[in-house]
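Step one of this worksheet: look at the structure below.
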Amino acid sequence: MKKVLIIVCLLVASKLAKSQNMNWALMNDSLNQSVEATLSLDYGITYGVGYNYVFNTMFPLALHGDVSIPSGENLLDDYKIKTGAVLRLTQIGDVYVDAGLMGITRSYNSDFVRIFNFGSEANLNIGYYRKHWYIGANISYDKAIVSNFKHTDDYKNNYPEVVDGWYEPESGGNIKFGGKVGGNFGKNGIVLQAGLVKTEELNSSPLIPFYASLGYTYNW
Amino acid sequence: MQTKLVLAGLISLMFFGSCETDHLLDMSGNLVPKTVDEDPDLPSALVNGVQLHAEAYGPEDGTLLICLHGGPGADYRYLLNCKELADEGYRVVFFDQRGTGLSQRLPEEAYGDDVFEAMQLFYDDILGIIAHFRTSPEQKVYILGHSWGGMLGTAFTAHYPDLVEGLVVCEPGGLVWEDIVTYITNSRAFSMWGELMNDATYMDQFLIAEPDDHIMLDYKFGILGANNEITGEDSGLPEGFWRSGAIANKVAFELADVGKPDLSEGIENFHIPVLFIYSEFNEAYPDDWAQKISSPFNEVELFKVPGVGHDMLTKQAGWLIAKPKIIEYLNGL
């Protein structure tokens with residue numbers, strides 16, 4: 001079933017049009033939308049689809065949204081939805097600097113608990129963009145703001161006093177340092193991103209201490 | 001200007017704001033139980049400078065049966081069926097090893113600089129527990145260890161062959177490091193694309209624990225529990241655990257990986273028969289593996305519990321078969 005959903009998502013993505021994986025040098029008044037499909041190693045293997053709409057104003061602004069689900073036998077038990085905007089701050093020749101702010105909604109399920117989290121991500125990107133290729137570096141900060149815990153009977157059978165509900169303070173944040181390289185062929189594009197992940201204190205890392213992503217984009 | 005202010009406010013709220021919340025993640029007792037140093041009502045023993053969650057059942061002057069739980073990083077709750085052995089006159093002693101279960105939490109440094117120091121600390125904790133519950137020097141000491149507890153029990157017996165007068169070992173993964181690694185590999189189907197992998201890693205993006213954050217580390221380690229079809233065990237059994245010890249688990253494996261210990265070293269000096277129990281449904285523990293792992297003992301009786309897996313002492317179906325065999329062995333010593 002999960003395979004079916006992935007194929008459907010990829011088909012939908014291929015019929016739509018691009019984002020954080022955006023080539024600023026390509027986007028103009030007649031080419032300002034894009035969709036993307038990604039296969040990532042991002043806290044596990046994930047599949048994602050995304051959409052971007054660029055407003056070509058004095059400070060070009062891209063609205064972005066994407067949905068991703070991790071691999072596994074249980075379809076849709078975990079997911080992440082990101083929505084937000086990327087603002088092009090400056091351009092010096094072919095070098096572009098942009099910053100993004102995303103709201104994040106995500107869910108995690110295991111045999112013992114269902115966790116629903118609201119978070120946000122701020123990112124800063126610098127890149128050298130040509131019409132047919134680009135390369136860049138970025139840093140992003142993913143902050144988990146508030147989480148709702150609901151434990152299963154299996155967990156409560158072992159710890160009946162567990163307290164369900166909304167939790168604070170913030171359950172931490174992770175910082176990603178990475179780079180990307182992409183190419184565009186007509187309206188199509190591919191992008192490869194990779195980097196390291198550290199906790200906000202920079203003294204530890206998640207179980208998977210790096211990320212990587214291969215994305216396909218279609219622009220129109 | 002007004003629009004910009006509203007936009008700035010919304011962005012700030014999205015990034016820094018939060019819903020009204022009720023609970024604190026860093027408060028023990030919310031997501032994981034309190035430990036003995038946080039809850040004075042829990043039974044405990046101050047041993048080797050560490051407050052351990054510990055209790056005993058049966059007559060105070062009965063032969064001590066020290067029960068060692070698995071992990072490293074699990075706790076003794078899943079072994080509590082063994083307290084029925086108190087009815088046979090044994091003083092059945094349980095304790096959560098340092099840094100796990102409801103015992104006091106410790107920093108990584110409290111496990112020593114290498115695996116040999118770490119093992120000596122584990123031995124000293126067992127010696128301390130024996131001293132705490134022993135009422136006279138003549139009181140005999142028997143050891144019963146399950147999984148990692150079986151490995152620890154074997155190593156302890158090998159170091160103190162004159163102190164231990166009976167040993168029950170239940171499905172230790174291995175006794176030499178190479179065998180332990182093989183067992184772990186064979187008993188965990190950890191596919192990069194599988195649900196178990198995703199359960200273990202996906203939460204890292206919003207449940208973030210710094211190296212000394214025991215509450216969050218233990219909680220994350222604990223919710224990983226899932227049925228293991230290979231070992232035939234069910235970690236979701238009611239009253240199967242209290243609280244995992246994430247640091248204890250991490251440090252033990254890291255130190256062992258460097259030191260590659262042989263936990264059977266010296267067991268040739270132990271000349272009392274050993275009862276070695278394993279299970280039918282643990283696919284990583286076939287008959288030839290049980291024979292291989294039990295081979296360092298001078299005299300050993302192998303006993304396979306039918307119809308259950310690695311949790312053979314926890315599930316009633318397994319316990320009802322294992323219990324009479326354990327009683328027969330203990331009473332025959």
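Residues in the structure tokens are numbered from 1 in each chain, the chains being A, B, ... in the order shown, and ligands are numbered from 1 in the order shown.
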| task | Do a neighbour search on Ser140 in chain A at 7 Å with only C-alpha atoms, toss out local chain neighbours closer than 3 positions, and write the hits as a list in words. | result | Glu121, Ala122, Asn123, Leu124, Ile175, Lys176 and Phe177 of chain A
Dump of C-alpha atoms for the selected residues, as a PDB file, in the first residue's frame:
```
ATOM      1  CA  GLU A 121      12.705  25.776  10.704  1.00  0.00           C
ATOM      2  CA  ALA A 122      14.849  28.781   9.814  1.00  0.00           C
ATOM      3  CA  ASN A 123      17.406  28.421   7.081  1.00  0.00           C
ATOM      4  CA  LEU A 124      20.040  30.544   5.369  1.00  0.00           C
ATOM      5  CA  ILE A 175      21.118  22.278  13.255  1.00  0.00           C
ATOM      6  CA  LYS A 176      21.963  21.106   9.765  1.00  0.00           C
ATOM      7  CA  PHE A 177      25.086  22.157   7.881  1.00  0.00           C
TER       8      PHE A 177
END
```
| request: Considering only C-alpha atoms, return as an MDAnalysis selection string whatever protein or nucleic-acid residues lie within 7 Å of Leu255 in chain B, sequence-local ones (same chain, fewer than 3 positions apart) excluded. | output: chainID B and resid 114:115 251:252 258:259
| task | Residues of chain A near chain B: apply a cut-off of 6 Å, count only C-alpha atoms, and supply the list as a PyMOL selection string. | result | chain A and resi 43-44+71-73+112+120+144+154+157-158+162-163+166-168+171-172+206
| message | Can you tell me which residues surround Ala137 in chain A at a distance of at most 10 Å, considering only C-alpha atoms, apart from same-chain residues fewer than 6 positions away, and format the answer as a PyMOL selection string? | response | chain A and resi 97+124-128+177-181+193-195
Saved selection, atoms kept: C-alpha atoms, as an mmCIF file, in the first residue's frame:
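Dumped everything to out-v4.cif:
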```
data_model
loop_
_atom_site.group_PDB
_atom_site.id
_atom_site.type_symbol
_atom_site.label_atom_id
_atom_site.label_comp_id
_atom_site.auth_asym_id
_atom_site.auth_seq_id
_atom_site.Cartn_x
_atom_site.Cartn_y
_atom_site.Cartn_z
ATOM 1 C CA VAL A 97 21.567 34.655 -0.767
ATOM 2 C CA LEU A 124 20.040 30.544 5.369
ATOM 3 C CA ASN A 125 21.342 29.635 1.940
ATOM 4 C CA ILE A 126 24.081 30.970 -0.305
ATOM 5 C CA GLY A 127 24.592 29.691 -3.817
ATOM 6 C CA TYR A 128 26.133 30.247 -7.195
ATOM 7 C CA PHE A 177 25.086 22.157 7.881
ATOM 8 C CA GLY A 178 25.195 21.135 4.265
ATOM 9 C CA GLY A 179 25.545 21.782 0.613
ATOM 10 C CA LYS A 180 23.679 21.162 -2.590
ATOM 11 C CA VAL A 181 24.375 20.820 -6.279
ATOM 12 C CA GLN A 193 21.794 17.744 -1.078
ATOM 13 C CA ALA A 194 23.872 16.400 1.819
ATOM 14 C CA GLY A 195 25.220 17.531 5.153
#
```
| said: What's around Ser244 in chain B at 12 Å? Count only C-alpha atoms, leave out sequence neighbours fewer than 4 positions away in its own chain, and write the answer as a PyMOL selection string. | reply: (chain A and resi 158) or (chain B and resi 31-35+69-77+96-105+214-225+235+240+248-250)
Selection above as a file: C-alpha atoms, as a PDB file, in the first residue's frame:
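Dumped to result23.pdb:
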```pdb
ATOM      1  CA  ASN A 158       3.943  -0.766  32.188  1.00  0.00           C
TER       2      ASN A 158
ATOM      3  CA  LEU B  31       7.089  10.236  30.816  1.00  0.00           C
ATOM      4  CA  VAL B  32       9.305   7.860  32.806  1.00  0.00           C
ATOM      5  CA  PRO B  33       9.112   6.787  36.464  1.00  0.00           C
ATOM      6  CA  LYS B  34      11.169   8.443  39.166  1.00  0.00           C
ATOM      7  CA  THR B  35      14.334   6.712  40.322  1.00  0.00           C
ATOM      8  CA  HIS B  69      18.463  -8.778  34.522  1.00  0.00           C
ATOM      9  CA  GLY B  70      19.319  -8.316  30.882  1.00  0.00           C
ATOM     10  CA  GLY B  71      20.153  -5.383  28.696  1.00  0.00           C
ATOM     11  CA  PRO B  72      22.493  -3.867  29.539  1.00  0.00           C
ATOM     12  CA  GLY B  73      19.943  -1.181  30.228  1.00  0.00           C
ATOM     13  CA  ALA B  74      16.840  -3.241  31.088  1.00  0.00           C
ATOM     14  CA  ASP B  75      15.516  -3.748  34.624  1.00  0.00           C
ATOM     15  CA  TYR B  76      14.421  -6.597  36.887  1.00  0.00           C
ATOM     16  CA  ARG B  77      10.669  -6.109  36.571  1.00  0.00           C
ATOM     17  CA  ASP B  96      18.386  -2.818  38.940  1.00  0.00           C
ATOM     18  CA  GLN B  97      21.969  -2.504  37.764  1.00  0.00           C
ATOM     19  CA  ARG B  98      23.675   0.885  38.021  1.00  0.00           C
ATOM     20  CA  GLY B  99      22.161   3.537  35.808  1.00  0.00           C
ATOM     21  CA  THR B 100      19.130   1.532  34.735  1.00  0.00           C
ATOM     22  CA  GLY B 101      15.612   0.616  35.848  1.00  0.00           C
ATOM     23  CA  LEU B 102      14.780   2.670  38.914  1.00  0.00           C
ATOM     24  CA  SER B 103      18.371   2.847  40.124  1.00  0.00           C
ATOM     25  CA  GLN B 104      20.251   6.099  40.356  1.00  0.00           C
ATOM     26  CA  ARG B 105      21.324   7.628  37.067  1.00  0.00           C
ATOM     27  CA  HIS B 214      18.702  10.917  31.251  1.00  0.00           C
ATOM     28  CA  ILE B 215      14.933  11.425  31.212  1.00  0.00           C
ATOM     29  CA  MET B 216      14.714  11.983  27.489  1.00  0.00           C
ATOM     30  CA  LEU B 217      17.427   9.436  26.653  1.00  0.00           C
ATOM     31  CA  ASP B 218      15.716   6.740  28.741  1.00  0.00           C
ATOM     32  CA  TYR B 219      12.311   7.604  27.339  1.00  0.00           C
ATOM     33  CA  LYS B 220      13.507   7.427  23.737  1.00  0.00           C
ATOM     34  CA  PHE B 221      15.280   4.129  24.415  1.00  0.00           C
ATOM     35  CA  GLY B 222      12.195   2.743  26.124  1.00  0.00           C
ATOM     36  CA  ILE B 223       9.657   3.529  23.409  1.00  0.00           C
ATOM     37  CA  LEU B 224      11.756   1.621  20.891  1.00  0.00           C
ATOM     38  CA  GLY B 225      10.415  -1.600  22.321  1.00  0.00           C
ATOM     39  CA  SER B 235       8.538  -6.154  24.846  1.00  0.00           C
ATOM     40  CA  GLY B 240       7.493  -5.950  31.641  1.00  0.00           C
ATOM     41  CA  ALA B 248      24.224   2.254  30.742  1.00  0.00           C
ATOM     42  CA  ASN B 249      23.400   0.489  27.498  1.00  0.00           C
ATOM     43  CA  LYS B 250      25.414   2.859  25.320  1.00  0.00           C
TER      44      LYS B 250
END
```
Taking the chain letters and numbering used in this document, name the residues of range 76-183 of chain A that DSSP puts in helix (DSSP H, G or I), as an mmCIF file with C-alpha atoms, in the first residue's frame.
```
data_model
loop_
_atom_site.group_PDB
_atom_site.id
_atom_site.type_symbol
_atom_site.label_atom_id
_atom_site.label_comp_id
_atom_site.auth_asym_id
_atom_site.auth_seq_id
_atom_site.Cartn_x
_atom_site.Cartn_y
_atom_site.Cartn_z
ATOM 1 C CA ASP A 153 -2.166 0.712 26.385
ATOM 2 C CA ASP A 154 1.078 -1.236 25.982
ATOM 3 C CA TYR A 155 3.002 1.640 27.538
ATOM 4 C CA LYS A 156 0.358 2.361 30.184
ATOM 5 C CA ASN A 157 0.335 -1.305 31.188
ATOM 6 C CA ASN A 158 3.943 -0.766 32.188
#
```
| request: as an MDAnalysis selection string, please: all residues of range 89-137 of chain A that backbone DSSP puts in strand (DSSP E). | output: chainID A and resid 89:92 95:109 113:129 133:137
| query | For Ala212 in chain A, which residue out of A:His151, A:Leu39, A:Met102, A:Val146 is the nearest one, using only C-alpha atoms? | reply | A:Leu39
| field | 10 Å contact set for Thr105 in chain A, only C-alpha atoms, chain neighbours under 5 positions out, as a count of residues only | value | 13
| Which of A:Ala25, A:Val35, A:Ala62, A:Val113 sits closest to Tyr96 in chain A [using only C-alpha atoms] |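 Going through A:Ala25, A:Val35, A:Ala62, A:Val113 one by one, the smallest distance to Tyr96 in chain A is for A:Ala25.
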| Between CA of Ile180 in chain B and CA of Gly266 in chain B, what is the distance, to one decimal in Å? |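 CA of Gly266 in chain B lies at a distance of 18.0 Å from CA of Ile180 in chain B.
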| Which neighbours of Gly48 in chain A fall inside 6 Å, counting only C-alpha atoms, when residues of the same chain fewer than 6 positions from it are skipped, and could you give them as a ChimeraX atom specification? | /A:37-38,67-68
| said: With distances taken over only C-alpha atoms, which residue among A:Gly65, A:Gly165, A:Gly173, A:Gly183 lies nearest Arg114 in chain A? | reply: A:Gly165
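Proximity to Lys131 in chain A at 10 Å, evaluated using only C-alpha atoms and with sequence-adjacent residues fewer than 5 positions away removed, yields Asn23, Trp24, Ala25, Leu26, Met27, Asp94, Gly183, Asn184, Phe185 and Gly186 of chain A.
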